[in-house]
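**Student:** Dumping the structure here so I can ask a few things about it.
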Amino acid sequence: MASILDEYEDSLYRSASVQQSRATVGIPHSGYVNARLEKETPIFNKQRIDFTPPEKINSLVVSSNQLCMSLGKDTLLRIDLGKPDEPNQVELGRKDEAKVYKMFLDHTGSHLLIALNTSECLYLNRSVQKVRALSRWKGHLIESVGWNKFLGTETNTGPILVGTAQGQIYEAEISVSEGSLFSTNPDQYFRQVYTLEEESGSAPVCCLEIEQGIEGKFFIIATTRKRLFQFVGKVPEGTEQQGFGSIFAMHADHLPSFREFPASFGFSEIAFYTPKLRSNPRSFAWMMGNGVLYGTLDYSRPDSILSDERVWVYPSDIDLTVNKPISIVLTQFHFLLLLPDRVMAVCTLNEQVVFQDLFLEKFGTLTRMIKDPMVQQIWIHTEKVVFRYHVQRESRDVWKMYMNMNKFDLAKEYCKDRPECLDIVLAKEAEHCFQNKRYLDSAKCYALTQNYFEEIALKFIEAKQEEALMEFLIKKLNSLKHSEKTQTTLLTTWLTELYLNWLGILEGDPSQRNLYLDTREKFRTFLSSPKNKDCLFNNRASIYELLASHGDTEHMVYFAVIMQDYERVVAHHCQHDEYDEALNVLSRHRDEKLFYKFSPVLIQHIPKKVVDAWISMGSRLDARNLIPALVNYSQSASTQQINEAIRYMEFCVYQLEETQQAIHNYLLSLYALCRPDSLLSYLEQAGTNPNRIHYDLKYALRLCAEHGHHHACVHIYKVMELYEEAVDLALQVDVDLAKSCADLPEDDEELRKKLWLKIARHVVQEEKDVKKAMACLSSCALLKIEDVLPFFPDFVTIDHFKEAICNSLEDYNKHIEELKREMEEATQSAKRIREDIQEMRNKYGSVEPQEKCAACDFPLLNRPFYLFLCGHMFHYDCLLQAVFPNLPAYKQAKLEDLQKKLAATSQPSKGHHRPKDADTASLGKGQQSREQIKADIDDIVAAECVYCGELMIRSIDKPFIDPQKYEEEMQSWL
């Protein structure tokens, strides 16, 4: 058998198809959208199956990709569309003249019922090859089957409903055993539950459908030729396996809910649309004699699930006498009618025929059209050929229909991913709202379109709808990109002007108070919007001008706060004498520059609060920049107000530990002016070390002198080490203070004596108090009685000095005795030293012939050498070479000079005639000089052993390799 894979028919079949037409709806011209909105591809795409049946096709059913067709009288062909190259052929095994009347396949594609025209029914399971007769069903011509989608499995149908040509509805169940082909008869039971009737009596049950609603409620739909019945009820819990008999029993005494139409052409058919991955249908279409009744299914309704019902009447080109509709299928937005020679698709939204497909006569009369409910594919067959329709992008033109029906929300839903279509819908919705005077809604829609901005704005201006215009401008502003700065600036400025005009109108009308407050809140939201922040900041000068032109100082301040232009806010408060508010703004935003600028004004009115704010700012403020404000304030203020300046300066000095000289100098000036008691304590706390004092000593001295603070001046003199001036000034205040000053130069006894003499003279000459003078004499050990006597007048008797003179004489005697003792100790020390020197001259050491120099390791006796007490021996030249580089520069120079003199004394005289006595004297003198020179050289060179003395200790950190020769040494090792 040829493959059943998809292939398009040749051009002959394609030309026979009527071109798919889009819905005949008007599309509003948007002015600039000229592109084609959709690619012209048909929604219903027909495909002929490459299959030539060996016999004529009697019936065809398909579900869940399982296709079954009856061929001829006794052949059944099953095809799994997932494996189309592996068809399965089953023989019915009938020898009589029975023919297949109808076939029914469940939603899983597992259970196949074959109704014969002999009122018999056969059953075939997907997993078996043998057809079984259903004995209990015999005698009934089966017209319809209602499958159980809730309890059915691949091996068990669960309770199902069966409709017959005589109008009876039976409940049945079919089951196959998993252990063998059939362990028992497949039909478990078959019992009648209801009979459908029309006016003329019982009527064939054309269709059956079982659906479950909310709260466990079941809906059963059954149709006859002219009537559509609905049975509603609940199945008692735990009795689902017993079927639906209880539902029909509720309607045994009265007719169930039904719809009836007068016309009939002998049969009817109902189709349902089930969205993908959903178990319940969402819409229906019933093909009957008068037309097609279609609508939606609402499972929340108590008695009938049919909703939004409409009837599509057959058009005049359908002759119901010879060209009756055969089948109907339902898609999401269309129902398709099968006529003997063509297929017709009708849109359920506008009831227009949007597609017709004619079939050639050579294919024969169209027999049936069915839809796979799981795959949503549509199948049509004649006795010779099979066709399949693919539904592609069925919803692509739906937006137009909803738009023309003024269902704009649905229209936008179906074109939300297609900007060009969405723009058309929005423009149409905006125009519709404008015409219905819903101006705000119109503005919101217009803002989302691409229509000309000027045209839309003029529409609202001409209609005098300022509020709608504002809404349009706001929406348009929010849709602008960041790069569109010019447009943003224009819209922002325009909106500000509109808001201000609108607020001005509302503010004067007390009845519009609530609207005014709401508009004011919107305006403030607009000003504080983060999206508009950059634009408003860059154009804040223009906004300020607009606010000023309307006299809206409230929003000017509000806008300045948003722009963080706190200088303008503070200045505004200051101009209106709102100093507390100004200080609150400064304290809240903590801007140092603003504090510096406005503190001179604020401190004049609220000094304490300003100082508190300064202190709360802490180290963020530079106190030097606040000194001008304090100076300006303190010059015209009372002592109590100056205390605020002192409080802040003390905070800077003691809490912040400021070291700036200007701060300390200013605090000194305030102390000198208002708090002399605190002045001296401050100076004493600052200490006496000039390097750690932060105020200017000279300035402080001048300041204290101008205000007559002598104690403070004395302290400053002491810090400046001007002890004479300190004592002179202290004598004017207090002698004890002068005494404390006189003892300060501890390292200079001469100066101390001089200072004490000043004190003694002052006591004797100014105070004329001999006893106090004697007390001064006892206070300083440097003063003697003879130093003080010249200050006393001649008439003073010796009785006043008797004790002092005796004490002085005793001191002199003690001093003389001490000097004698020191002289004797010196004489004894000199004697011991001479003895040690004499003893040292007699010391000697022995040198063996094999001894070597410790420096050069050559025999020692070859050249002049030195022997040290430690045992080390060096040649003279070796020791000189080791010692010389480590000598101080002055000793190196002295050694070189001595070497030159020694060399000069060793040279013979060039004179030939010299008196003998002169020669002898000269020789003696020269010999003595030579020995002295050698001794001086020895004192320098041989003062200590280079290995055991201080020289070795000082060279402990000297590198073994000279840094200047390190590179050369390193290269020699490579």
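Convention: chains lettered A, B, ... in structure tokens order; per-chain residue numbering from 1; ligands numbered from 1 as shown.
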Could you give me, as a list in words, the residues within 10 Å of A:Leu861, counting only C-alpha atoms and dropping anything in the same chain fewer than 4 positions from it?
**Tutor:**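 Selected residues are Val847, Glu848, Pro849, Gln850, Glu851, Lys852, Cys853, Phe865 and His875 of chain A.
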**Student:** Restricted to C-alpha atoms, what would the selected residues look like written as a compact mmCIF listing (two decimals), in the first residue's frame?
**Tutor:**
```txt
# COMPACT_ATOMS: atom_id res chain seq x y z
CA VAL A 847 107.07 35.59 69.55
CA GLU A 848 108.04 32.28 67.99
CA PRO A 849 109.87 32.25 64.63
CA GLN A 850 107.03 30.39 62.97
CA GLU A 851 104.34 32.88 64.03
CA LYS A 852 102.37 34.40 61.17
CA CYS A 853 100.47 37.60 60.66
CA PHE A 865 104.81 44.03 63.63
CA HIS A 875 102.40 43.34 60.43
```
**Student:** Find the residues near A:Ile160: any atom within 12 Å, counting only C-alpha atoms, skip ones fewer than 3 places away on the same chain, and give them as a PyMOL selection string.
**Tutor:** chain A and resi 106+111+113+144-152+156-157+163+169-175+187-193+208-211+220+240-245
**Student:** Taking only C-alpha atoms into account, which of A:Ala662, A:Ile627, A:Val561, A:Leu869 comes nearest A:Ala645?
**Tutor:**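 The answer is A:Ile627, which sits nearest to A:Ala645.
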**Student:** Which distance in Å separates atom CA of A:Ser257 and atom CA of A:Arg227, to one decimal?
**Tutor:**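 For atom CA of A:Ser257 relative to atom CA of A:Arg227, the distance reads 10.0 Å.
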**Student:** Excluding A:Leu81 and its own-chain neighbours fewer than 2 positions away, which residues fall within 8 Å of it when counting only C-alpha atoms? Please give them as a list in words.
**Tutor:** Ile4, Asn65, Gln66, Leu67, Ile79, Lys83 and Pro84 of chain A
**Student:** Per DSSP on the backbone, what are the alpha helix (DSSP H) residues of stretch 607-638 of chain A, as JSON, numbers by chain?
**Tutor:** {"A": [607, 608, 609, 610, 611, 612, 613, 614, 615, 616, 617, 623, 624, 625, 626, 627, 628, 629, 630, 631, 632, 633, 634, 635]}
**Student:** With a distance cut-off of 10 Å and only C-alpha atoms, select the neighbouring residues of A:Gln168, excluding the residue or stretch itself and same-chain residues fewer than 4 positions from it, and output the selection as a list in words.
**Tutor:** His140, Ile142, Val162, Gly163, Thr164, Gln192, Val193, Tyr194, Thr195, Leu196, Glu197, Ser202, Ala203, Pro204 and Val205 of chain A
**Student:** Neighbours of A:Asn501 within 12 Å (only C-alpha atoms; same-chain residues fewer than 2 positions away dropped), as an mmCIF file with N, CA, C and O atoms, in the first residue's frame?
**Tutor:**
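For reference, around_33.cif as written:
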```
data_model
loop_
_atom_site.group_PDB
_atom_site.id
_atom_site.type_symbol
_atom_site.label_atom_id
_atom_site.label_comp_id
_atom_site.auth_asym_id
_atom_site.auth_seq_id
_atom_site.Cartn_x
_atom_site.Cartn_y
_atom_site.Cartn_z
ATOM 1 N N GLU A 466 -9.321 69.358 28.124
ATOM 2 C CA GLU A 466 -7.963 69.561 28.629
ATOM 3 C C GLU A 466 -7.491 68.386 29.478
ATOM 4 O O GLU A 466 -6.331 67.991 29.425
ATOM 5 N N GLU A 467 -8.389 67.815 30.258
ATOM 6 C CA GLU A 467 -8.005 66.678 31.097
ATOM 7 C C GLU A 467 -7.612 65.483 30.238
ATOM 8 O O GLU A 467 -6.627 64.786 30.515
ATOM 9 N N MET A 470 -4.248 66.107 28.750
ATOM 10 C CA MET A 470 -3.183 65.832 29.716
ATOM 11 C C MET A 470 -2.922 64.332 29.824
ATOM 12 O O MET A 470 -1.775 63.893 29.887
ATOM 13 N N TRP A 494 4.949 71.308 28.436
ATOM 14 C CA TRP A 494 3.532 71.498 28.115
ATOM 15 C C TRP A 494 2.654 70.960 29.238
ATOM 16 O O TRP A 494 1.682 71.593 29.663
ATOM 17 N N LEU A 495 2.991 69.780 29.748
ATOM 18 C CA LEU A 495 2.205 69.196 30.833
ATOM 19 C C LEU A 495 2.261 70.067 32.087
ATOM 20 O O LEU A 495 1.256 70.221 32.797
ATOM 21 N N THR A 496 3.420 70.621 32.371
ATOM 22 C CA THR A 496 3.531 71.504 33.538
ATOM 23 C C THR A 496 2.603 72.702 33.400
ATOM 24 O O THR A 496 1.901 73.074 34.354
ATOM 25 N N GLU A 497 2.573 73.301 32.227
ATOM 26 C CA GLU A 497 1.701 74.445 31.981
ATOM 27 C C GLU A 497 0.229 74.053 32.122
ATOM 28 O O GLU A 497 -0.574 74.767 32.742
ATOM 29 N N LEU A 498 -0.135 72.882 31.582
ATOM 30 C CA LEU A 498 -1.525 72.427 31.675
ATOM 31 C C LEU A 498 -1.929 72.149 33.119
ATOM 32 O O LEU A 498 -3.040 72.501 33.559
ATOM 33 N N TYR A 499 -1.038 71.497 33.852
ATOM 34 C CA TYR A 499 -1.329 71.219 35.259
ATOM 35 C C TYR A 499 -1.541 72.525 36.040
ATOM 36 O O TYR A 499 -2.480 72.651 36.849
ATOM 37 N N LEU A 503 -4.918 73.534 37.887
ATOM 38 C CA LEU A 503 -4.919 73.759 39.333
ATOM 39 C C LEU A 503 -5.410 75.163 39.664
ATOM 40 O O LEU A 503 -6.125 75.366 40.659
ATOM 41 N N GLY A 504 -5.037 76.138 38.849
ATOM 42 C CA GLY A 504 -5.497 77.499 39.084
ATOM 43 C C GLY A 504 -6.999 77.620 38.962
ATOM 44 O O GLY A 504 -7.649 78.356 39.722
ATOM 45 N N ILE A 505 -7.589 76.889 38.005
ATOM 46 C CA ILE A 505 -9.048 76.923 37.832
ATOM 47 C C ILE A 505 -9.745 76.242 39.006
ATOM 48 O O ILE A 505 -10.727 76.748 39.554
ATOM 49 N N LEU A 506 -9.226 75.082 39.413
ATOM 50 C CA LEU A 506 -9.881 74.296 40.463
ATOM 51 C C LEU A 506 -9.733 74.950 41.833
ATOM 52 O O LEU A 506 -10.615 74.828 42.687
ATOM 53 N N GLU A 507 -8.607 75.634 42.068
ATOM 54 C CA GLU A 507 -8.354 76.200 43.381
ATOM 55 C C GLU A 507 -9.369 77.281 43.740
ATOM 56 O O GLU A 507 -9.729 77.454 44.913
ATOM 57 N N GLY A 508 -9.859 77.979 42.743
ATOM 58 C CA GLY A 508 -10.819 79.044 43.019
ATOM 59 C C GLY A 508 -12.240 78.570 43.167
ATOM 60 O O GLY A 508 -13.140 79.384 43.400
ATOM 61 N N TYR A 516 -9.460 69.151 43.112
ATOM 62 C CA TYR A 516 -8.219 69.927 43.198
ATOM 63 C C TYR A 516 -7.136 69.134 43.928
ATOM 64 O O TYR A 516 -5.984 69.078 43.474
ATOM 65 N N THR A 519 -5.914 66.361 41.671
ATOM 66 C CA THR A 519 -5.068 66.877 40.593
ATOM 67 C C THR A 519 -3.712 67.327 41.134
ATOM 68 O O THR A 519 -2.668 67.122 40.492
ATOM 69 N N ARG A 520 -3.727 67.947 42.304
ATOM 70 C CA ARG A 520 -2.459 68.367 42.902
ATOM 71 C C ARG A 520 -1.558 67.164 43.181
ATOM 72 O O ARG A 520 -0.348 67.220 42.955
ATOM 73 N N PHE A 523 -0.093 66.055 39.950
ATOM 74 C CA PHE A 523 0.970 66.968 39.512
ATOM 75 C C PHE A 523 2.258 66.708 40.275
ATOM 76 O O PHE A 523 3.348 66.687 39.708
ATOM 77 N N LEU A 546 7.826 78.976 34.926
ATOM 78 C CA LEU A 546 6.397 78.676 34.823
ATOM 79 C C LEU A 546 5.719 78.754 36.186
ATOM 80 O O LEU A 546 4.646 79.338 36.337
ATOM 81 N N LEU A 547 6.355 78.170 37.181
ATOM 82 C CA LEU A 547 5.787 78.200 38.528
ATOM 83 C C LEU A 547 5.691 79.628 39.053
ATOM 84 O O LEU A 547 4.697 80.003 39.688
ATOM 85 N N SER A 549 5.451 82.341 37.220
ATOM 86 C CA SER A 549 4.463 83.100 36.456
ATOM 87 C C SER A 549 3.042 82.819 36.948
ATOM 88 O O SER A 549 2.159 83.671 36.822
ATOM 89 N N HIS A 550 2.829 81.634 37.526
ATOM 90 C CA HIS A 550 1.514 81.310 38.081
ATOM 91 C C HIS A 550 1.424 81.648 39.559
ATOM 92 O O HIS A 550 0.375 81.417 40.169
ATOM 93 N N GLY A 551 2.508 82.147 40.141
ATOM 94 C CA GLY A 551 2.511 82.498 41.554
ATOM 95 C C GLY A 551 2.343 81.305 42.471
ATOM 96 O O GLY A 551 1.863 81.456 43.608
ATOM 97 N N ASP A 552 2.723 80.126 42.025
ATOM 98 C CA ASP A 552 2.545 78.907 42.807
ATOM 99 C C ASP A 552 3.816 78.648 43.617
ATOM 100 O O ASP A 552 4.656 77.823 43.262
#
```
